[in-house]
file my_file.pdb (PDB, C-alpha atoms and all ligand atoms)
ATOM      1  CA  MET A   1     -10.852 -15.456 -48.559  1.00  0.00           C
ATOM      2  CA  SER A   2     -11.265 -11.806 -49.442  1.00  0.00           C
ATOM      3  CA  ASP A   3     -10.115  -9.031 -47.106  1.00  0.00           C
ATOM      4  CA  VAL A   4     -13.737  -8.007 -46.582  1.00  0.00           C
ATOM      5  CA  VAL A   5     -14.744 -11.480 -45.357  1.00  0.00           C
ATOM      6  CA  LYS A   6     -11.606 -11.682 -43.187  1.00  0.00           C
ATOM      7  CA  GLY A   7     -12.486  -8.301 -41.711  1.00  0.00           C
ATOM      8  CA  ILE A   8     -15.977  -9.538 -40.815  1.00  0.00           C
ATOM      9  CA  PHE A   9     -14.758 -12.720 -39.078  1.00  0.00           C
ATOM     10  CA  LYS A  10     -11.666 -11.302 -37.361  1.00  0.00           C
ATOM     11  CA  PRO A  11     -13.507  -9.802 -34.341  1.00  0.00           C
ATOM     12  CA  TYR A  12     -15.301 -13.126 -33.724  1.00  0.00           C
ATOM     13  CA  VAL A  13     -12.005 -15.018 -33.807  1.00  0.00           C
ATOM     14  CA  VAL A  14     -10.460 -12.564 -31.337  1.00  0.00           C
ATOM     15  CA  VAL A  15     -13.461 -12.801 -28.997  1.00  0.00           C
ATOM     16  CA  LEU A  16     -13.498 -16.612 -29.168  1.00  0.00           C
ATOM     17  CA  ARG A  17      -9.807 -16.797 -28.373  1.00  0.00           C
ATOM     18  CA  HIS A  18     -10.297 -14.594 -25.319  1.00  0.00           C
ATOM     19  CA  VAL A  19     -13.289 -16.597 -24.072  1.00  0.00           C
ATOM     20  CA  PHE A  20     -10.918 -19.473 -23.324  1.00  0.00           C
ATOM     21  CA  MET A  21      -8.132 -17.322 -21.855  1.00  0.00           C
ATOM     22  CA  ARG A  22      -7.766 -16.785 -18.130  1.00  0.00           C
ATOM     23  CA  PRO A  23      -8.569 -13.220 -17.053  1.00  0.00           C
ATOM     24  CA  HIS A  24      -5.660 -10.881 -16.323  1.00  0.00           C
ATOM     25  CA  THR A  25      -7.596  -8.895 -13.776  1.00  0.00           C
ATOM     26  CA  LEU A  26      -8.293  -9.674 -10.124  1.00  0.00           C
ATOM     27  CA  LYS A  27     -11.628  -9.657  -8.338  1.00  0.00           C
ATOM     28  CA  TYR A  28     -10.634  -6.965  -5.860  1.00  0.00           C
ATOM     29  CA  PRO A  29     -11.655  -6.660  -2.993  1.00  0.00           C
ATOM     30  CA  TYR A  30     -12.228 -10.448  -2.821  1.00  0.00           C
ATOM     31  CA  GLU A  31      -8.780 -11.155  -4.246  1.00  0.00           C
ATOM     32  CA  ARG A  32      -5.647  -9.116  -3.757  1.00  0.00           C
ATOM     33  CA  LEU A  33      -2.052  -9.457  -4.783  1.00  0.00           C
ATOM     34  CA  GLU A  34       0.689 -10.000  -2.283  1.00  0.00           C
ATOM     35  CA  PHE A  35       3.123  -7.162  -2.985  1.00  0.00           C
ATOM     36  CA  ALA A  36       6.909  -7.266  -2.826  1.00  0.00           C
ATOM     37  CA  GLU A  37       8.341  -7.519   0.678  1.00  0.00           C
ATOM     38  CA  ARG A  38       9.779  -3.990   0.556  1.00  0.00           C
ATOM     39  CA  TYR A  39       6.737  -2.405  -1.097  1.00  0.00           C
ATOM     40  CA  ARG A  40       6.257   1.186   0.094  1.00  0.00           C
ATOM     41  CA  GLY A  41       2.678   1.437   1.336  1.00  0.00           C
ATOM     42  CA  ARG A  42       1.292   2.760   4.623  1.00  0.00           C
ATOM     43  CA  ILE A  43       4.020   3.786   7.066  1.00  0.00           C
ATOM     44  CA  VAL A  44       3.896   2.387  10.576  1.00  0.00           C
ATOM     45  CA  LEU A  45       5.504   4.089  13.567  1.00  0.00           C
ATOM     46  CA  ASN A  46       6.963   2.303  16.568  1.00  0.00           C
ATOM     47  CA  LEU A  47       6.261   4.760  19.369  1.00  0.00           C
ATOM     48  CA  ASP A  48       8.622   2.990  21.776  1.00  0.00           C
ATOM     49  CA  LYS A  49      11.566   3.380  19.405  1.00  0.00           C
ATOM     50  CA  CYS A  50      10.818   6.954  18.265  1.00  0.00           C
ATOM     51  CA  THR A  51      12.857   9.568  20.140  1.00  0.00           C
ATOM     52  CA  GLY A  52      11.331  12.620  18.461  1.00  0.00           C
ATOM     53  CA  CYS A  53      14.651  13.529  16.815  1.00  0.00           C
ATOM     54  CA  GLY A  54      12.835  15.037  13.808  1.00  0.00           C
ATOM     55  CA  PHE A  55      15.066  13.609  11.071  1.00  0.00           C
ATOM     56  CA  CYS A  56      12.005  12.242   9.254  1.00  0.00           C
ATOM     57  CA  GLU A  57      10.336  15.665   9.284  1.00  0.00           C
ATOM     58  CA  ARG A  58      13.449  17.371   7.949  1.00  0.00           C
ATOM     59  CA  ILE A  59      14.121  14.931   5.114  1.00  0.00           C
ATOM     60  CA  CYS A  60      10.560  14.694   3.796  1.00  0.00           C
ATOM     61  CA  PRO A  61      10.573  16.418   0.381  1.00  0.00           C
ATOM     62  CA  ASN A  62       6.814  17.022   0.458  1.00  0.00           C
ATOM     63  CA  LYS A  63       6.501  18.336   4.000  1.00  0.00           C
ATOM     64  CA  ALA A  64       4.138  15.474   4.760  1.00  0.00           C
ATOM     65  CA  ILE A  65       5.532  14.886   8.254  1.00  0.00           C
ATOM     66  CA  THR A  66       5.026  17.207  11.206  1.00  0.00           C
ATOM     67  CA  LEU A  67       6.263  16.461  14.691  1.00  0.00           C
ATOM     68  CA  VAL A  68       3.517  16.881  17.251  1.00  0.00           C
ATOM     69  CA  GLN A  69       3.737  17.046  21.026  1.00  0.00           C
ATOM     70  CA  ARG A  70       1.948  14.236  22.840  1.00  0.00           C
ATOM     71  CA  GLU A  71       1.855  12.389  26.113  1.00  0.00           C
ATOM     72  CA  PHE A  72       3.461   8.941  25.972  1.00  0.00           C
ATOM     73  CA  LYS A  73       3.866   6.694  29.013  1.00  0.00           C
ATOM     74  CA  GLY A  74       3.411   9.640  31.387  1.00  0.00           C
ATOM     75  CA  ARG A  75       5.791  12.107  29.757  1.00  0.00           C
ATOM     76  CA  LYS A  76       5.619  14.653  26.963  1.00  0.00           C
ATOM     77  CA  LYS A  77       7.278  13.664  23.740  1.00  0.00           C
ATOM     78  CA  ARG A  78       7.389  14.769  20.082  1.00  0.00           C
ATOM     79  CA  SER A  79       6.352  12.192  17.490  1.00  0.00           C
ATOM     80  CA  PRO A  80       5.629  12.330  13.759  1.00  0.00           C
ATOM     81  CA  SER A  81       2.194  12.846  12.268  1.00  0.00           C
ATOM     82  CA  LEU A  82       1.869  11.986   8.564  1.00  0.00           C
ATOM     83  CA  ASP A  83      -0.325  13.591   5.926  1.00  0.00           C
ATOM     84  CA  TYR A  84      -1.003  11.022   3.182  1.00  0.00           C
ATOM     85  CA  GLY A  85      -2.452  13.797   1.035  1.00  0.00           C
ATOM     86  CA  ARG A  86       1.122  15.015   0.603  1.00  0.00           C
ATOM     87  CA  CYS A  87       3.125  11.790   0.907  1.00  0.00           C
ATOM     88  CA  ALA A  88       4.818  10.510  -2.258  1.00  0.00           C
ATOM     89  CA  PHE A  89       5.782   7.170  -0.657  1.00  0.00           C
ATOM     90  CA  CYS A  90       9.432   7.811  -1.456  1.00  0.00           C
ATOM     91  CA  GLY A  91      10.498   6.036   1.747  1.00  0.00           C
ATOM     92  CA  LEU A  92      13.150   8.604   2.695  1.00  0.00           C
ATOM     93  CA  CYS A  93      11.687   9.037   6.183  1.00  0.00           C
ATOM     94  CA  VAL A  94      11.935   5.289   6.799  1.00  0.00           C
ATOM     95  CA  ASP A  95      15.515   5.144   5.540  1.00  0.00           C
ATOM     96  CA  VAL A  96      16.710   8.150   7.516  1.00  0.00           C
ATOM     97  CA  CYS A  97      15.254   7.195  10.896  1.00  0.00           C
ATOM     98  CA  PRO A  98      18.298   6.357  13.018  1.00  0.00           C
ATOM     99  CA  PHE A  99      16.209   4.311  15.463  1.00  0.00           C
ATOM    100  CA  LYS A 100      14.326   2.201  12.896  1.00  0.00           C
ATOM    101  CA  ALA A 101      11.067   3.533  14.290  1.00  0.00           C
ATOM    102  CA  LEU A 102       9.372   3.706  10.885  1.00  0.00           C
ATOM    103  CA  LYS A 103       8.605   0.916   8.458  1.00  0.00           C
ATOM    104  CA  THR A 104       6.626   0.533   5.257  1.00  0.00           C
ATOM    105  CA  THR A 105       3.840  -1.998   4.813  1.00  0.00           C
ATOM    106  CA  GLN A 106       1.885  -3.507   1.911  1.00  0.00           C
ATOM    107  CA  ILE A 107      -1.242  -1.564   2.813  1.00  0.00           C
ATOM    108  CA  VAL A 108      -2.339   0.870   0.108  1.00  0.00           C
ATOM    109  CA  GLU A 109      -5.965   1.211   1.176  1.00  0.00           C
ATOM    110  CA  LEU A 110      -5.710   4.746   2.570  1.00  0.00           C
ATOM    111  CA  SER A 111      -8.576   6.605   0.915  1.00  0.00           C
ATOM    112  CA  THR A 112     -11.026   8.474   3.125  1.00  0.00           C
ATOM    113  CA  CYS A 113     -14.151  10.549   2.621  1.00  0.00           C
ATOM    114  CA  ASN A 114     -12.493  13.762   3.780  1.00  0.00           C
ATOM    115  CA  ARG A 115      -9.116  15.480   3.679  1.00  0.00           C
ATOM    116  CA  GLU A 116      -8.614  15.293   7.461  1.00  0.00           C
ATOM    117  CA  GLY A 117      -8.855  11.495   7.380  1.00  0.00           C
ATOM    118  CA  LEU A 118      -5.600  11.368   5.408  1.00  0.00           C
ATOM    119  CA  ILE A 119      -3.680  12.873   8.307  1.00  0.00           C
ATOM    120  CA  HIS A 120      -2.466  10.112  10.632  1.00  0.00           C
ATOM    121  CA  ALA A 121      -1.615  11.282  14.138  1.00  0.00           C
ATOM    122  CA  PRO A 122       1.180   9.365  15.942  1.00  0.00           C
ATOM    123  CA  GLU A 123      -1.318   6.986  17.600  1.00  0.00           C
ATOM    124  CA  LYS A 124      -2.878   6.165  14.234  1.00  0.00           C
ATOM    125  CA  MET A 125       0.572   5.756  12.673  1.00  0.00           C
ATOM    126  CA  ALA A 126       1.380   3.255  15.395  1.00  0.00           C
ATOM    127  CA  GLU A 127      -1.525   1.024  14.348  1.00  0.00           C
ATOM    128  CA  GLU A 128      -0.593  -1.838  12.043  1.00  0.00           C
ATOM    129  CA  PRO A 129      -3.783  -3.452  10.796  1.00  0.00           C
ATOM    130  CA  SER A 130      -3.605  -6.682   8.827  1.00  0.00           C
ATOM    131  CA  LEU A 131      -4.746  -6.836   5.209  1.00  0.00           C
ATOM    132  CA  GLU A 132      -7.795  -8.797   6.344  1.00  0.00           C
ATOM    133  CA  GLU A 133      -8.788  -5.970   8.691  1.00  0.00           C
ATOM    134  CA  VAL A 134      -8.364  -3.280   6.032  1.00  0.00           C
ATOM    135  CA  VAL A 135      -9.972  -5.143   3.115  1.00  0.00           C
ATOM    136  CA  LYS A 136     -13.116  -6.486   4.753  1.00  0.00           C
ATOM    137  CA  ASP A 137     -14.230  -8.689   1.838  1.00  0.00           C
ATOM    138  CA  LEU A 138     -10.824 -10.224   1.184  1.00  0.00           C
ATOM    139  CA  LYS A 139     -10.981 -13.985   0.604  1.00  0.00           C
ATOM    140  CA  LYS A 140      -7.751 -14.849  -1.205  1.00  0.00           C
ATOM    141  CA  ILE A 141      -4.245 -13.442  -1.323  1.00  0.00           C
ATOM    142  CA  LEU A 142      -2.612 -14.204  -4.667  1.00  0.00           C
ATOM    143  CA  GLU A 143       0.903 -14.194  -6.006  1.00  0.00           C
ATOM    144  CA  VAL A 144       1.657 -13.384  -9.613  1.00  0.00           C
ATOM    145  CA  GLU A 145       3.816 -15.176 -12.146  1.00  0.00           C
ATOM    146  CA  LEU A 146       4.710 -13.192 -15.243  1.00  0.00           C
ATOM    147  CA  THR A 147       6.003 -14.728 -18.445  1.00  0.00           C
ATOM    148  CA  PRO A 148       6.561 -12.808 -21.724  1.00  0.00           C
ATOM    149  CA  ASN A 149       3.048 -13.667 -22.932  1.00  0.00           C
ATOM    150  CA  THR A 150       1.002 -14.604 -19.902  1.00  0.00           C
ATOM    151  CA  VAL A 151       0.009 -13.520 -16.437  1.00  0.00           C
ATOM    152  CA  LYS A 152      -0.786 -16.278 -13.964  1.00  0.00           C
ATOM    153  CA  TYR A 153      -2.085 -15.952 -10.424  1.00  0.00           C
ATOM    154  CA  ARG A 154      -1.652 -18.556  -7.712  1.00  0.00           C
ATOM    155  CA  VAL A 155      -3.517 -18.602  -4.436  1.00  0.00           C
ATOM    156  CA  LYS A 156      -0.913 -17.944  -1.764  1.00  0.00           C
ATOM    157  CA  ARG A 157      -3.267 -17.867   1.176  1.00  0.00           C
ATOM    158  CA  ARG A 158      -6.991 -18.139   1.838  1.00  0.00           C
ATOM    159  CA  VAL A 159      -8.424 -15.726   4.377  1.00  0.00           C
ATOM    160  CA  ARG A 160     -10.394 -17.373   7.165  1.00  0.00           C
ATOM    161  CA  ARG A 161     -12.788 -15.199   9.161  1.00  0.00           C
TER     162      ARG A 161
HETATM  163  S1  LIG B   1      10.372   8.403  13.534  1.00  0.00           S
HETATM  164 FE1  LIG B   1      12.608   8.208  13.655  1.00  0.00          FE
HETATM  165  S2  LIG B   1      13.387   9.995  12.536  1.00  0.00           S
HETATM  166 FE2  LIG B   1      11.228  10.398  13.006  1.00  0.00          FE
HETATM  167  S3  LIG B   1      11.261  11.518  14.947  1.00  0.00           S
HETATM  168 FE3  LIG B   1      11.008   9.366  15.454  1.00  0.00          FE
HETATM  169  S4  LIG B   1      13.074   8.580  15.777  1.00  0.00           S
HETATM  170 FE4  LIG B   1      13.298  10.534  14.710  1.00  0.00          FE
HETATM  171  S1  LIG B   2       7.522   8.521   2.309  1.00  0.00           S
HETATM  172 FE1  LIG B   2       8.593  10.349   1.494  1.00  0.00          FE
HETATM  173  S2  LIG B   2       6.951  11.819   1.062  1.00  0.00           S
HETATM  174 FE2  LIG B   2       6.087  10.265   2.418  1.00  0.00          FE
HETATM  175  S3  LIG B   2       6.332  11.052   4.480  1.00  0.00           S
HETATM  176 FE3  LIG B   2       8.138   9.780   4.076  1.00  0.00          FE
HETATM  177  S4  LIG B   2       9.678  11.183   3.266  1.00  0.00           S
HETATM  178 FE4  LIG B   2       7.703  12.246   3.139  1.00  0.00          FE
END

call {"tool": "encode", "arguments": {"input": "my_file.pdb", "output": "structure tokens"}}
result
Amino acid sequence: MSDVVKGIFKPYVVVLRHVFMRPHTLKYPYERLEFAERYRGRIVLNLDKCTGCGFCERICPNKAITLVQREFKGRKKRSPSLDYGRCAFCGLCVDVCPFKALKTTQIVELSTCNREGLIHAPEKMAEEPSLEEVVKDLKKILEVELTPNTVKYRVKRRVRR
């Protein structure tokens, strides 16, 4: 077969091969991967544990954390407020907190329509919504299996509403 004829048929062969392959992409927001246990997504604050020591504010390389004064259980207290417009998700604030008041989650859905929405006050930081609450159309949570040549997804959990 001449190179010209091969060149004509090659795209069809490639397309046909891919027709029978499983897709590598997910149907987000209906499907979503389960991330690694220690994935650094949205940071959640435990207001009961936080003492307002300010270590998290001091260590943050991007100045994303500011301690703000607020009333908590009838007394004034300083607690962190986090600006996701500045946060690099390095996790230093979580690691440095001596009272384990901060933790990372798998939630990466943080976009908002305005800049102010990216700033989470202590009360908002204390909220820990589930994936189902954040991704309203979510139906399946998948886990991934990677081999040198393939990507496979397995349904880990179906979301019931
Ligand atoms: S979150 Fe931790 S490091 Fe930050 S102010 Fe509270 S106790 Fe201190
Ligand atoms: S994860 Fe890093 S950048 Fe984000 S608030 Fe914490 S210390 Fe700052």

call {"tool": "closest_residue", "arguments": {"input": "my_file.pdb", "among": "A:Glu71, A:Asp48, A:Asp83, A:Glu37", "to": "ligand LIG 1 (chain B)", "atoms": "only C-alpha atoms and all ligand atoms"}}
result
A:Asp48

call {"tool": "resolve_selection", "arguments": {"input": "my_file.pdb", "expression": "the PyMOL selection byres (((not hetatm)) within 7 of (chain B and resi 2))", "output": "list in words"}}
result
Cys56, Ile59, Cys60, Pro61, Asn62, Lys63, Ala64, Ile65, Leu82, Arg86, Cys87, Ala88, Phe89, Cys90, Gly91, Leu92, Cys93 and Val94 of chain A

call {"tool": "write_last_selection", "arguments": {"input": "my_file.pdb", "atoms": "C-alpha atoms", "output": "JSON list (two decimals), keeping the file's coordinate frame"}}
result
[["chain", "number", "residue", "atom", "x", "y", "z"],
["A", 56, "CYS", "CA", 12.00, 12.24, 9.25],
["A", 59, "ILE", "CA", 14.12, 14.93, 5.11],
["A", 60, "CYS", "CA", 10.56, 14.69, 3.80],
["A", 61, "PRO", "CA", 10.57, 16.42, 0.38],
["A", 62, "ASN", "CA", 6.81, 17.02, 0.46],
["A", 63, "LYS", "CA", 6.50, 18.34, 4.00],
["A", 64, "ALA", "CA", 4.14, 15.47, 4.76],
["A", 65, "ILE", "CA", 5.53, 14.89, 8.25],
["A", 82, "LEU", "CA", 1.87, 11.99, 8.56],
["A", 86, "ARG", "CA", 1.12, 15.02, 0.60],
["A", 87, "CYS", "CA", 3.12, 11.79, 0.91],
["A", 88, "ALA", "CA", 4.82, 10.51, -2.26],
["A", 89, "PHE", "CA", 5.78, 7.17, -0.66],
["A", 90, "CYS", "CA", 9.43, 7.81, -1.46],
["A", 91, "GLY", "CA", 10.50, 6.04, 1.75],
["A", 92, "LEU", "CA", 13.15, 8.60, 2.70],
["A", 93, "CYS", "CA", 11.69, 9.04, 6.18],
["A", 94, "VAL", "CA", 11.94, 5.29, 6.80]]

call {"tool": "resolve_selection", "arguments": {"input": "my_file.pdb", "expression": "the PyMOL selection byres (((chain A and resi 99-103) around 9) and not hetatm)", "output": "VMD selection string"}}
result
chain A and resid 40 42 to 51 91 93 to 98 104 to 105

call {"tool": "closest_atom_pairs", "arguments": {"input": "my_file.pdb", "of": "region 4-112 of chain A", "to": "region 155-159 of chain A", "cutoff": "12 Å", "atoms": "all atoms listed in the file", "output": "JSON lines"}}
result
{"residue": "A:Leu26", "atom": "CA", "partner": "A:Val155", "partner_atom": "CA", "distance": 11.6}
{"residue": "A:Tyr30", "atom": "CA", "partner": "A:Val159", "partner_atom": "CA", "distance": 9.7}
{"residue": "A:Glu31", "atom": "CA", "partner": "A:Val155", "partner_atom": "CA", "distance": 9.1}
{"residue": "A:Arg32", "atom": "CA", "partner": "A:Val155", "partner_atom": "CA", "distance": 9.7}
{"residue": "A:Leu33", "atom": "CA", "partner": "A:Lys156", "partner_atom": "CA", "distance": 9.1}
{"residue": "A:Glu34", "atom": "CA", "partner": "A:Lys156", "partner_atom": "CA", "distance": 8.1}
{"residue": "A:Phe35", "atom": "CA", "partner": "A:Lys156", "partner_atom": "CA", "distance": 11.6}

call {"tool": "resolve_selection", "arguments": {"input": "my_file.pdb", "expression": "the PyMOL selection byres (((chain A and resi 130) around 12) and not hetatm)", "output": "CSV table (one decimal) with C-alpha atoms, in the frame of the given file"}}
result
chain,number,residue,atom,x,y,z
A,42,ARG,CA,1.3,2.8,4.6
A,44,VAL,CA,3.9,2.4,10.6
A,105,THR,CA,3.8,-2.0,4.8
A,106,GLN,CA,1.9,-3.5,1.9
A,107,ILE,CA,-1.2,-1.6,2.8
A,108,VAL,CA,-2.3,0.9,0.1
A,109,GLU,CA,-6.0,1.2,1.2
A,127,GLU,CA,-1.5,1.0,14.3
A,128,GLU,CA,-0.6,-1.8,12.0
A,129,PRO,CA,-3.8,-3.5,10.8
A,131,LEU,CA,-4.7,-6.8,5.2
A,132,GLU,CA,-7.8,-8.8,6.3
A,133,GLU,CA,-8.8,-6.0,8.7
A,134,VAL,CA,-8.4,-3.3,6.0
A,135,VAL,CA,-10.0,-5.1,3.1
A,136,LYS,CA,-13.1,-6.5,4.8
A,138,LEU,CA,-10.8,-10.2,1.2
A,159,VAL,CA,-8.4,-15.7,4.4

call {"tool": "closest_residue", "arguments": {"input": "my_file.pdb", "among": "A:Val15, A:Ala121, A:Leu110, A:Met21", "to": "Val68 (chain A)", "atoms": "all atoms listed in the file"}}
result
A:Ala121

call {"tool": "build_atoms", "arguments": {"input": "my_file.pdb", "residues": "region 53-70 of chain A", "atoms": "N, CA and C atoms", "output": "CSV table (one decimal), in the frame of the given file"}}
result
chain,number,residue,atom,x,y,z
A,53,CYS,N,13.5,12.8,17.3
A,53,CYS,CA,14.7,13.5,16.8
A,53,CYS,C,14.3,14.5,15.7
A,54,GLY,N,13.3,14.1,14.9
A,54,GLY,CA,12.8,15.0,13.8
A,54,GLY,C,13.5,14.8,12.5
A,55,PHE,N,14.4,13.9,12.4
A,55,PHE,CA,15.1,13.6,11.1
A,55,PHE,C,14.0,13.4,10.0
A,56,CYS,N,13.0,12.6,10.3
A,56,CYS,CA,12.0,12.2,9.3
A,56,CYS,C,11.3,13.5,8.8
A,57,GLU,N,11.0,14.4,9.7
A,57,GLU,CA,10.3,15.7,9.3
A,57,GLU,C,11.2,16.5,8.4
A,58,ARG,N,12.5,16.5,8.7
A,58,ARG,CA,13.4,17.4,7.9
A,58,ARG,C,13.7,16.8,6.5
A,59,ILE,N,13.8,15.5,6.4
A,59,ILE,CA,14.1,14.9,5.1
A,59,ILE,C,12.9,14.9,4.2
A,60,CYS,N,11.7,14.9,4.7
A,60,CYS,CA,10.6,14.7,3.8
A,60,CYS,C,10.5,15.8,2.7
A,61,PRO,N,10.6,15.4,1.4
A,61,PRO,CA,10.6,16.4,0.4
A,61,PRO,C,9.2,17.1,0.2
A,62,ASN,N,8.2,16.5,0.7
A,62,ASN,CA,6.8,17.0,0.5
A,62,ASN,C,6.2,17.7,1.7
A,63,LYS,N,7.0,17.8,2.7
A,63,LYS,CA,6.5,18.3,4.0
A,63,LYS,C,5.2,17.6,4.5
A,64,ALA,N,5.3,16.3,4.4
A,64,ALA,CA,4.1,15.5,4.8
A,64,ALA,C,4.2,15.1,6.2
A,65,ILE,N,5.4,15.3,6.8
A,65,ILE,CA,5.5,14.9,8.3
A,65,ILE,C,5.7,16.1,9.1
A,66,THR,N,4.9,16.1,10.2
A,66,THR,CA,5.0,17.2,11.2
A,66,THR,C,5.2,16.5,12.6
A,67,LEU,N,6.1,17.0,13.3
A,67,LEU,CA,6.3,16.5,14.7
A,67,LEU,C,5.2,17.1,15.6
A,68,VAL,N,4.5,16.3,16.3
A,68,VAL,CA,3.5,16.9,17.3
A,68,VAL,C,3.8,16.4,18.7
A,69,GLN,N,3.5,17.3,19.6
A,69,GLN,CA,3.7,17.0,21.0
A,69,GLN,C,2.6,16.1,21.5
A,70,ARG,N,3.0,15.1,22.3
A,70,ARG,CA,1.9,14.2,22.8
A,70,ARG,C,2.5,13.6,24.1
